[in-house]
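Listing of data.cif; format and content: mmCIF, C-alpha atoms.
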data_target
#
loop_
_atom_site.label_atom_id
_atom_site.label_comp_id
_atom_site.auth_asym_id
_atom_site.auth_seq_id
_atom_site.Cartn_x
_atom_site.Cartn_y
_atom_site.Cartn_z
CA MET U 1 9.24 47.49 49.01
CA ILE U 2 5.58 47.56 48.04
CA ARG U 3 6.55 48.57 44.49
CA GLN U 4 9.01 45.69 44.29
CA LEU U 5 6.38 43.20 45.52
CA PHE U 6 3.94 44.57 42.91
CA PHE U 7 6.32 43.75 40.06
CA ILE U 8 7.07 40.31 41.54
CA TRP U 9 3.33 39.55 41.60
CA ILE U 10 2.95 40.72 38.00
CA LEU U 11 5.80 38.46 36.89
CA PHE U 12 4.40 35.61 38.93
CA GLY U 13 0.98 36.14 37.37
CA LEU U 14 2.44 36.14 33.86
CA SER U 15 4.35 32.97 34.66
CA LEU U 16 1.18 31.30 35.90
CA ALA U 17 -0.68 32.41 32.77
CA ALA U 18 2.02 30.98 30.48
CA SER U 19 2.13 27.81 32.53
CA GLY U 20 -1.63 27.51 32.29
CA GLN U 21 -1.61 27.88 28.53
CA LYS U 22 1.10 25.25 28.15
CA SER U 23 -0.81 22.90 30.43
CA ARG U 24 -3.74 23.17 28.05
CA VAL U 25 -1.48 22.19 25.16
CA LEU U 26 -0.20 19.20 27.12
CA SER U 27 -3.79 18.13 27.79
CA ILE U 28 -4.29 17.87 24.04
CA PHE U 29 -2.18 14.70 23.98
CA GLN U 30 -4.73 13.04 26.28
CA MET U 31 -7.54 14.13 23.97
CA ILE U 32 -5.71 12.58 21.01
CA GLU U 33 -5.14 9.36 22.90
CA SER U 34 -8.85 9.25 23.81
CA GLY U 35 -9.91 9.85 20.20
CA LYS U 36 -11.41 13.27 20.99
CA TYR U 37 -10.08 14.75 17.77
CA LYS U 38 -12.57 17.59 17.38
CA GLU U 39 -11.90 18.88 20.90
CA ALA U 40 -8.18 18.52 20.37
CA LYS U 41 -8.38 20.53 17.14
CA GLU U 42 -10.22 23.37 18.87
CA ALA U 43 -7.58 23.47 21.63
CA ILE U 44 -4.70 23.40 19.16
CA ASP U 45 -6.17 26.15 17.02
CA LEU U 46 -6.37 28.35 20.12
CA ALA U 47 -2.83 27.45 21.15
CA VAL U 48 -1.46 28.37 17.73
CA TRP U 49 -2.89 31.87 18.11
CA ASN U 50 -2.08 32.37 21.81
CA ASP U 51 1.04 34.46 22.41
CA LYS U 52 2.13 32.11 25.19
CA THR U 53 2.12 28.96 23.05
CA SER U 54 2.30 30.13 19.44
CA ASN U 55 6.06 29.64 19.34
CA TRP U 56 6.29 26.58 21.55
CA HIS U 57 7.57 23.42 19.87
CA ARG U 58 5.09 21.16 21.67
CA THR U 59 2.16 23.08 20.20
CA TYR U 60 3.17 22.11 16.70
CA TYR U 61 4.17 18.61 17.68
CA ALA U 62 0.66 18.22 19.13
CA LYS U 63 -0.86 19.57 15.92
CA GLY U 64 1.17 17.20 13.78
CA LEU U 65 0.32 14.25 16.02
CA LEU U 66 -3.39 15.08 15.93
CA CYS U 67 -3.46 15.38 12.16
CA GLN U 68 -1.57 12.14 11.62
CA THR U 69 -3.35 10.10 14.29
CA ALA U 70 -6.84 11.17 13.22
CA TYR U 71 -5.94 10.60 9.57
CA GLU U 72 -4.69 7.08 10.26
CA ALA U 73 -7.81 6.32 12.29
CA GLY U 74 -10.09 7.37 9.44
CA PHE U 75 -8.14 6.38 6.31
CA GLU U 76 -9.05 2.71 5.93
CA LYS U 77 -12.73 3.34 6.73
CA ASN U 78 -12.94 6.49 4.59
CA ASP U 79 -14.12 8.40 7.65
CA THR U 80 -13.86 11.97 6.38
CA LYS U 81 -14.66 13.40 9.80
CA LYS U 82 -11.26 12.13 10.88
CA THR U 83 -9.28 12.52 7.67
CA ASN U 84 -10.56 16.03 6.94
CA LEU U 85 -10.07 17.83 10.23
CA TYR U 86 -7.88 20.08 8.09
CA PRO U 87 -7.67 20.37 4.31
CA ASP U 88 -4.74 18.23 3.07
CA GLN U 89 -4.40 16.86 6.57
CA LEU U 90 -1.27 14.75 6.13
CA PHE U 91 0.57 17.70 4.63
CA VAL U 92 -0.54 19.83 7.57
CA ALA U 93 0.90 17.15 9.86
CA TYR U 94 4.24 17.22 8.08
CA ASN U 95 4.46 21.03 8.13
CA ALA U 96 3.57 21.08 11.84
CA TYR U 97 6.26 18.52 12.67
CA GLU U 98 8.83 20.47 10.68
CA LYS U 99 7.96 23.67 12.52
CA ALA U 100 8.14 21.84 15.85
CA LEU U 101 11.62 20.59 14.99
CA LYS U 102 12.71 24.09 14.03
CA LEU U 103 11.47 25.54 17.32
CA ASP U 104 12.89 22.67 19.40
CA SER U 105 16.40 24.09 19.88
CA ARG U 106 17.16 21.63 22.71
CA LYS U 107 15.89 18.65 20.71
CA LYS U 108 13.46 17.56 23.40
CA ILE U 109 10.91 16.15 20.93
CA HIS U 110 13.20 15.05 18.10
CA SER U 111 12.98 11.40 19.09
CA ASN U 112 9.18 11.59 19.20
CA VAL U 113 8.99 13.12 15.72
CA THR U 114 11.41 10.47 14.46
CA LYS U 115 8.98 7.72 15.49
CA GLN U 116 6.13 9.50 13.76
CA TYR U 117 8.11 10.02 10.57
CA TYR U 118 8.54 6.28 10.02
CA THR U 119 4.76 5.87 9.83
CA LEU U 120 4.12 9.25 8.17
CA SER U 121 6.14 8.21 5.13
CA ASN U 122 4.01 5.09 4.86
CA ASP U 123 0.84 7.18 5.26
CA PHE U 124 1.86 9.36 2.32
CA GLN U 125 2.59 6.27 0.22
CA LYS U 126 -0.84 4.80 0.92
CA LEU U 127 -2.48 8.12 0.08
CA GLY U 128 -0.49 8.35 -3.15
CA GLU U 129 -1.42 4.82 -4.18
CA ARG U 130 -5.11 5.47 -3.52
CA LEU U 131 -5.06 8.71 -5.51
CA TYR U 132 -3.21 6.98 -8.36
CA LEU U 133 -5.88 4.28 -8.57
CA GLN U 134 -8.47 7.06 -8.64
CA LYS U 135 -6.52 8.55 -11.56
CA ASN U 136 -5.78 11.69 -9.58
CA TYR U 137 -2.19 11.60 -10.80
CA THR U 138 -1.29 15.14 -9.73
CA GLY U 139 -2.47 14.44 -6.18
CA ALA U 140 -0.69 11.09 -6.20
CA LEU U 141 2.55 12.75 -7.29
CA LYS U 142 2.36 15.28 -4.46
CA ALA U 143 1.67 12.60 -1.84
CA LEU U 144 4.37 10.21 -3.06
CA GLU U 145 6.95 12.97 -3.27
CA HIS U 146 6.20 13.79 0.36
CA ALA U 147 6.64 10.13 1.25
CA LEU U 148 10.13 10.34 -0.26
CA LEU U 149 10.78 13.70 1.42
CA VAL U 150 9.91 12.30 4.85
CA SER U 151 11.99 9.16 4.27
CA LYS U 152 15.00 11.35 3.46
CA SER U 153 14.68 13.33 6.68
CA PRO U 154 17.99 13.53 8.60
CA LEU U 155 16.07 12.08 11.54
CA LEU U 156 15.75 8.76 9.73
CA SER U 157 18.47 6.38 8.66
CA VAL U 158 16.78 4.47 5.85
CA GLN U 159 17.87 3.68 2.31
CA THR U 160 15.97 5.22 -0.58
CA ASP U 161 13.14 2.92 -1.65
CA THR U 162 13.54 2.53 -5.42
CA ASN U 163 10.00 1.18 -5.71
CA LEU U 164 8.75 4.41 -4.17
CA VAL U 165 10.82 6.43 -6.65
CA SER U 166 9.38 4.30 -9.45
CA ASN U 167 5.84 5.06 -8.26
CA ILE U 168 6.66 8.77 -8.15
CA ALA U 169 8.01 8.57 -11.69
CA MET U 170 4.82 6.87 -12.88
CA ALA U 171 2.63 9.49 -11.19
CA ALA U 172 4.69 12.27 -12.79
CA TYR U 173 4.47 10.53 -16.17
CA GLU U 174 0.70 10.06 -15.96
CA SER U 175 0.20 13.65 -14.81
CA LYS U 176 2.28 14.76 -17.82
CA ASP U 177 4.81 16.55 -15.64
CA TRP U 178 7.56 15.70 -18.09
CA GLU U 179 10.37 17.50 -16.28
CA LYS U 180 9.77 15.56 -13.06
CA ALA U 181 9.11 12.33 -14.92
CA ILE U 182 12.41 12.65 -16.77
CA SER U 183 14.27 13.50 -13.58
CA TYR U 184 13.03 10.46 -11.64
CA LEU U 185 13.15 8.07 -14.60
CA THR U 186 16.70 9.10 -15.49
CA GLY U 187 17.94 8.15 -12.02
CA LEU U 188 16.12 4.83 -12.14
CA ASP U 189 17.33 4.07 -15.65
CA GLN U 190 20.95 4.80 -14.79
CA ASP U 191 20.62 2.33 -11.93
CA GLY U 192 19.26 -0.26 -14.35
CA PHE U 193 15.91 -0.44 -12.55
CA SER U 194 13.93 -2.08 -15.39
CA PRO U 195 13.64 -2.05 -19.20
CA ASN U 196 10.23 -0.40 -18.85
CA THR U 197 11.96 2.55 -17.19
CA ALA U 198 13.99 3.16 -20.33
CA LEU U 199 10.87 2.97 -22.52
CA LEU U 200 9.00 5.44 -20.31
CA LEU U 201 12.00 7.76 -20.28
CA TYR U 202 12.18 7.56 -24.07
CA ARG U 203 8.50 8.54 -24.38
CA ALA U 204 8.84 11.29 -21.79
CA HIS U 205 11.69 12.84 -23.80
CA VAL U 206 9.59 12.59 -26.97
CA GLU U 207 6.65 14.29 -25.24
CA ASN U 208 9.04 16.94 -23.93
CA GLY U 209 10.22 17.63 -27.47
CA ASP U 210 13.73 16.19 -27.21
CA SER U 211 14.01 13.46 -29.87
CA LEU U 212 17.81 13.30 -29.68
CA LEU U 213 17.85 12.44 -25.97
CA ALA U 214 14.97 10.04 -26.56
CA GLU U 215 16.98 8.14 -29.15
CA GLU U 216 20.04 8.13 -26.92
CA VAL U 217 18.01 6.53 -24.13
CA LEU U 218 17.04 3.64 -26.42
CA PHE U 219 20.58 3.03 -27.67
CA GLU U 220 21.87 3.00 -24.10
CA GLY U 221 18.95 0.83 -23.05
CA VAL U 222 19.81 -1.86 -25.59
CA GLU U 223 23.23 -2.21 -23.95
CA ARG U 224 22.11 -1.69 -20.36
CA TYR U 225 19.31 -4.25 -20.51
CA ASP U 226 21.03 -6.86 -22.69
CA SER U 227 18.98 -6.40 -25.85
CA ASP U 228 15.63 -6.42 -24.10
CA GLU U 229 13.15 -7.20 -26.85
CA ASN U 230 10.82 -4.26 -26.16
CA ILE U 231 13.66 -1.74 -26.24
CA VAL U 232 15.18 -3.30 -29.36
CA LEU U 233 11.84 -3.30 -31.17
CA GLN U 234 11.13 0.30 -30.15
CA LEU U 235 14.55 1.37 -31.41
CA VAL U 236 14.10 -0.56 -34.66
CA ASP U 237 10.69 1.05 -35.15
CA LEU U 238 12.30 4.47 -34.65
CA MET U 239 15.02 3.66 -37.19
CA VAL U 240 12.50 2.43 -39.77
CA THR U 241 10.18 5.39 -39.20
CA THR U 242 13.06 7.80 -39.77
CA GLY U 243 14.26 5.90 -42.87
CA ARG U 244 17.40 4.39 -41.37
CA MET U 245 16.81 0.84 -42.60
CA GLU U 246 20.43 -0.31 -42.57
CA ARG U 247 20.79 0.87 -38.98
CA ALA U 248 17.65 -1.08 -38.07
CA ILE U 249 19.13 -4.22 -39.64
CA SER U 250 22.41 -3.70 -37.77
CA ILE U 251 20.57 -3.41 -34.45
CA LEU U 252 18.65 -6.61 -35.17
CA ASP U 253 21.82 -8.43 -36.25
CA SER U 254 23.35 -7.71 -32.86
CA ALA U 255 20.16 -8.73 -31.07
CA VAL U 256 20.03 -12.05 -32.93
CA VAL U 257 23.61 -12.81 -31.86
CA ARG U 258 22.90 -11.88 -28.25
CA MET U 259 19.57 -13.70 -28.01
CA PRO U 260 19.51 -16.39 -30.73
CA GLU U 261 16.53 -18.14 -29.14
CA ASN U 262 14.20 -15.13 -29.48
CA PHE U 263 12.09 -15.49 -32.65
CA LEU U 264 11.04 -11.82 -32.56
CA PHE U 265 14.42 -10.61 -33.76
CA PRO U 266 14.70 -12.64 -37.02
CA TRP U 267 10.98 -12.10 -37.61
CA THR U 268 11.33 -8.33 -37.24
CA ARG U 269 14.45 -8.37 -39.38
CA GLY U 270 12.38 -10.15 -42.02
CA LEU U 271 9.75 -7.42 -41.81
CA VAL U 272 12.40 -4.74 -42.34
CA TYR U 273 13.82 -6.58 -45.36
CA GLN U 274 10.29 -7.01 -46.66
CA ARG U 275 9.76 -3.27 -46.36
CA MET U 276 13.01 -2.77 -48.29
CA ASP U 277 11.55 -5.00 -51.08
CA MET U 278 14.22 -7.62 -50.34
CA ASN U 279 11.68 -10.43 -50.17
CA GLU U 280 14.10 -13.34 -50.67
CA VAL U 281 16.19 -12.27 -47.66
CA ALA U 282 13.01 -11.63 -45.72
CA ILE U 283 11.89 -15.21 -46.42
CA GLU U 284 15.15 -16.55 -44.99
CA ASN U 285 14.51 -14.65 -41.78
CA PHE U 286 10.89 -15.77 -41.56
CA PHE U 287 11.94 -19.41 -41.92
CA LYS U 288 14.49 -18.90 -39.15
CA ALA U 289 11.78 -17.35 -36.96
CA SER U 290 9.39 -20.25 -37.72
CA GLU U 291 11.99 -22.73 -36.48
CA LEU U 292 12.10 -20.88 -33.16
CA ALA U 293 8.33 -20.33 -32.90
CA PRO U 294 6.46 -22.86 -35.09
CA ASP U 295 3.11 -21.88 -33.58
CA GLU U 296 3.40 -18.17 -34.38
CA VAL U 297 0.74 -17.63 -37.05
CA ARG U 298 1.95 -14.19 -38.18
CA ILE U 299 5.20 -15.69 -39.45
CA TYR U 300 3.32 -17.82 -41.97
CA TYR U 301 1.22 -14.85 -43.02
CA ASN U 302 4.42 -12.87 -43.66
CA LEU U 303 5.90 -15.77 -45.63
CA GLY U 304 2.81 -15.82 -47.81
CA ILE U 305 3.01 -12.06 -48.39
CA CYS U 306 6.67 -12.30 -49.41
CA TYR U 307 5.96 -15.00 -51.99
CA TYR U 308 2.97 -12.99 -53.21
CA ASN U 309 5.19 -9.89 -53.61
CA ILE U 310 7.79 -11.90 -55.55
CA GLY U 311 5.03 -13.23 -57.82
CA VAL U 312 3.78 -9.71 -58.47
CA GLU U 313 7.34 -8.50 -59.27
CA ILE U 314 7.83 -11.32 -61.77
CA SER U 315 4.42 -10.65 -63.35
CA GLU U 316 5.21 -6.95 -63.73
CA SER U 317 8.58 -7.73 -65.33
CA ALA U 318 6.99 -10.28 -67.68
CA ARG U 319 4.83 -7.57 -69.21
CA HIS U 320 7.95 -6.11 -70.85
CA ILE U 321 9.22 -9.42 -72.28
CA ARG U 322 8.66 -9.66 -76.06
CA ASN U 323 9.97 -13.21 -76.54
CA ASN U 324 6.99 -15.55 -76.10
CA VAL U 325 9.03 -18.43 -74.69
CA GLU U 326 10.65 -16.21 -72.10
CA TYR U 327 7.30 -14.61 -71.35
CA GLN U 328 5.63 -17.96 -70.68
CA ALA U 329 8.56 -19.03 -68.51
CA ALA U 330 8.20 -15.85 -66.44
CA ARG U 331 4.45 -16.42 -66.09
CA SER U 332 5.16 -19.94 -64.84
CA GLN U 333 7.64 -18.60 -62.31
CA ALA U 334 5.13 -16.05 -61.10
CA LYS U 335 2.42 -18.72 -60.80
CA ALA U 336 4.77 -20.93 -58.77
CA ARG U 337 5.42 -18.06 -56.36
CA PHE U 338 1.68 -17.37 -56.03
CA GLN U 339 1.16 -21.04 -55.27
CA ASP U 340 3.85 -20.82 -52.59
CA ALA U 341 2.00 -17.81 -51.20
CA VAL U 342 -1.23 -19.83 -51.10
CA LYS U 343 0.55 -22.64 -49.23
CA TRP U 344 1.72 -20.40 -46.38
CA LEU U 345 -1.40 -18.26 -46.23
CA GLU U 346 -3.57 -21.36 -46.03
CA LYS U 347 -1.42 -22.54 -43.12
CA ALA U 348 -1.96 -19.17 -41.44
CA TYR U 349 -5.71 -19.46 -42.15
CA GLU U 350 -5.85 -22.93 -40.57
CA MET U 351 -4.21 -21.58 -37.43
CA ASP U 352 -6.39 -18.44 -37.28
CA PRO U 353 -9.48 -18.80 -39.51
CA GLY U 354 -10.94 -15.48 -38.36
CA ASP U 355 -8.11 -13.20 -39.52
CA GLN U 356 -9.47 -10.83 -42.15
CA GLN U 357 -6.07 -9.94 -43.62
CA THR U 358 -5.37 -13.59 -44.40
CA ILE U 359 -8.88 -14.14 -45.81
CA SER U 360 -8.62 -11.06 -48.05
CA LYS U 361 -5.21 -12.04 -49.43
CA LEU U 362 -6.29 -15.63 -50.08
CA TYR U 363 -9.32 -14.33 -51.94
CA GLN U 364 -7.04 -12.27 -54.21
CA LEU U 365 -4.75 -15.24 -54.84
CA TYR U 366 -7.58 -17.65 -55.55
CA TYR U 367 -8.97 -15.14 -58.05
CA ARG U 368 -5.57 -14.73 -59.71
CA LEU U 369 -5.01 -18.50 -59.89
CA GLN U 370 -8.62 -19.11 -61.03
CA MET U 371 -9.37 -21.31 -58.03
CA THR U 372 -13.06 -20.47 -58.25
CA LYS U 373 -14.48 -22.73 -55.55
CA LYS U 374 -12.01 -21.57 -52.89
CA GLN U 375 -12.42 -17.99 -54.06
CA LYS U 376 -16.18 -18.12 -53.38
CA THR U 377 -15.55 -19.64 -49.96
CA MET U 378 -13.27 -16.75 -49.03
CA GLU U 379 -15.71 -14.22 -50.49
CA LEU U 380 -18.35 -15.39 -48.02
CA LEU U 381 -15.95 -14.82 -45.13
CA ILE U 382 -14.94 -11.26 -46.04
CA ARG U 383 -16.57 -8.72 -43.74
#

Could you take the file, read its structure, and then write that structure out as structure tokens?
Amino acid sequence: MIRQLFFIWILFGLSLAASGQKSRVLSIFQMIESGKYKEAKEAIDLAVWNDKTSNWHRTYYAKGLLCQTAYEAGFEKNDTKKTNLYPDQLFVAYNAYEKALKLDSRKKIHSNVTKQYYTLSNDFQKLGERLYLQKNYTGALKALEHALLVSKSPLLSVQTDTNLVSNIAMAAYESKDWEKAISYLTGLDQDGFSPNTALLLYRAHVENGDSLLAEEVLFEGVERYDSDENIVLQLVDLMVTTGRMERAISILDSAVVRMPENFLFPWTRGLVYQRMDMNEVAIENFFKASELAPDEVRIYYNLGICYYNIGVEISESARHIRNNVEYQAARSQAKARFQDAVKWLEKAYEMDPGDQQTISKLYQLYYRLQMTKKQKTMELLIR
């Protein structure tokens, strides 16, 4: 009988000890509510190591709650005493909540963690945005990915925030994590998020060494985003750079049909024809562009260059003409083209008198046409 009572008292003592330890954990919630974060941390750290509470779900819920609450209290004011109770405090909060959920087989605290997760996702977003502005792109990526991770928790019933995914993609891009950047940008691009998404995805593929996929992104982007001018121009630049001039013209032809009011497409088509030494066709496109954008100074500069190029071609051909009459006729034709060049370059100069390219070309033309007074004026303006 005495032996039996001895064991009962031992068990009773152990029960009281366990109960006492758990009571101390429960008191931590009052400390958190009172803003006694340092004391709460000391109590939690002991509870995590105590055999009686180290595997109790409320211990880790308390730890998560402390980390998150103190962090939120100190974030806006940059109070590091509150935001740095633990290194990477928000991440510690998330890991503690996850462990609490794992240990909570009867789901006693699931609803409490659910409430915290709604704000925790927002906390991670704010942290990510701050780190991004500080140009800590790797840190921003980690924080924003955790914001997405929390928002996708089975505890929450919220739709994926595409703006959040876009921010993650930007952080991955800026941190040069090309695999992640491509992964996030691909999903956004397939959903037609924005033309800029396609351009970023194109560049990410280029940086990742996959030029074929990069090109494919641009071709798909032209269709997906209805001939967005930035995507079209990037694709045209790629075609020209790789020597596919006819393909560049074809792309611009389609863009002109789709968006006839956009002067950039006939203007760019004119530039491509100019590069192909098809100056007459280029001039037609520049005139079309000038009708759409009469105040665009670069169009008039390009017109002047085309007429100048035609004049040079005629002058070069004239050197091989032996018949004097034909030679003089060719010289007259060349002079007329140079005079046309002067007309359009002077218009460009009137609209932008500080442009050095225009000044330099006018100086050359005035010299060629023996317009001495104007030549000296331009000479004074050359830097």

Tell me which of U:Gln89, U:Asn262, U:Asn302, U:Asn112 sits closest to U:Asn279, counting only C-alpha atoms.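 Closest candidate: U:Asn302.
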
For a cut-off of 10 Å around (-2.2, 16.2, 13.9), file coordinates, pick out all residues using all atoms listed in the file and list them as a PyMOL selection string. chain U and resi 32+37+40-41+44+60-71+85-86+89-94+96-97

Can you turn the PyMOL selection byres ((chain U and resi 311) around 10) into a concrete residue list for this file, as an mmCIF file with C-alpha atoms, in the frame of the given file?
data_model
loop_
_atom_site.group_PDB
_atom_site.id
_atom_site.type_symbol
_atom_site.label_atom_id
_atom_site.label_comp_id
_atom_site.auth_asym_id
_atom_site.auth_seq_id
_atom_site.Cartn_x
_atom_site.Cartn_y
_atom_site.Cartn_z
ATOM 1 C CA ILE U 305 3.010 -12.060 -48.390
ATOM 2 C CA CYS U 306 6.670 -12.300 -49.410
ATOM 3 C CA TYR U 307 5.960 -15.000 -51.990
ATOM 4 C CA TYR U 308 2.970 -12.990 -53.210
ATOM 5 C CA ASN U 309 5.190 -9.890 -53.610
ATOM 6 C CA ILE U 310 7.790 -11.900 -55.550
ATOM 7 C CA VAL U 312 3.780 -9.710 -58.470
ATOM 8 C CA GLU U 313 7.340 -8.500 -59.270
ATOM 9 C CA ILE U 314 7.830 -11.320 -61.770
ATOM 10 C CA SER U 315 4.420 -10.650 -63.350
ATOM 11 C CA GLU U 316 5.210 -6.950 -63.730
ATOM 12 C CA SER U 317 8.580 -7.730 -65.330
ATOM 13 C CA ALA U 330 8.200 -15.850 -66.440
ATOM 14 C CA ARG U 331 4.450 -16.420 -66.090
ATOM 15 C CA SER U 332 5.160 -19.940 -64.840
ATOM 16 C CA GLN U 333 7.640 -18.600 -62.310
ATOM 17 C CA ALA U 334 5.130 -16.050 -61.100
ATOM 18 C CA LYS U 335 2.420 -18.720 -60.800
ATOM 19 C CA ALA U 336 4.770 -20.930 -58.770
ATOM 20 C CA ARG U 337 5.420 -18.060 -56.360
ATOM 21 C CA PHE U 338 1.680 -17.370 -56.030
ATOM 22 C CA GLN U 339 1.160 -21.040 -55.270
ATOM 23 C CA ASP U 340 3.850 -20.820 -52.590
ATOM 24 C CA ALA U 341 2.000 -17.810 -51.200
#

Who sits within 9 Å of U:Phe219, all atoms listed in the file, same chain under 5 positions skipped, as a short mmCIF file (atom, residue, chain, number, x, y, z; two decimals) with C-alpha atoms, in the frame of the given file:
data_model
loop_
_atom_site.label_atom_id
_atom_site.label_comp_id
_atom_site.auth_asym_id
_atom_site.auth_seq_id
_atom_site.Cartn_x
_atom_site.Cartn_y
_atom_site.Cartn_z
CA ARG U 224 22.11 -1.69 -20.36
CA ILE U 231 13.66 -1.74 -26.24
CA VAL U 232 15.18 -3.30 -29.36
CA LEU U 235 14.55 1.37 -31.41
#

I'd like to know which of U:Thr197, U:Glu129, U:Leu185, U:Glu98 is closest to U:Val150, using all atoms listed in the file. U:Glu98

Of U:Trp178, U:Asp191, U:Lys126, U:Glu280, the one nearest to U:Leu164 when counting all atoms listed in the file is U:Lys126

Box in all listed atoms of stretch 187-190 of chain U, axis-aligned, with 6 Å more on each side; write out centre and edge lengths in Å to one decimal as AutoDock Vina command-line options.
--center_x 18.5 --center_y 6.1 --center_z -13.8 --size_x 16.8 --size_y 16.1 --size_z 15.6
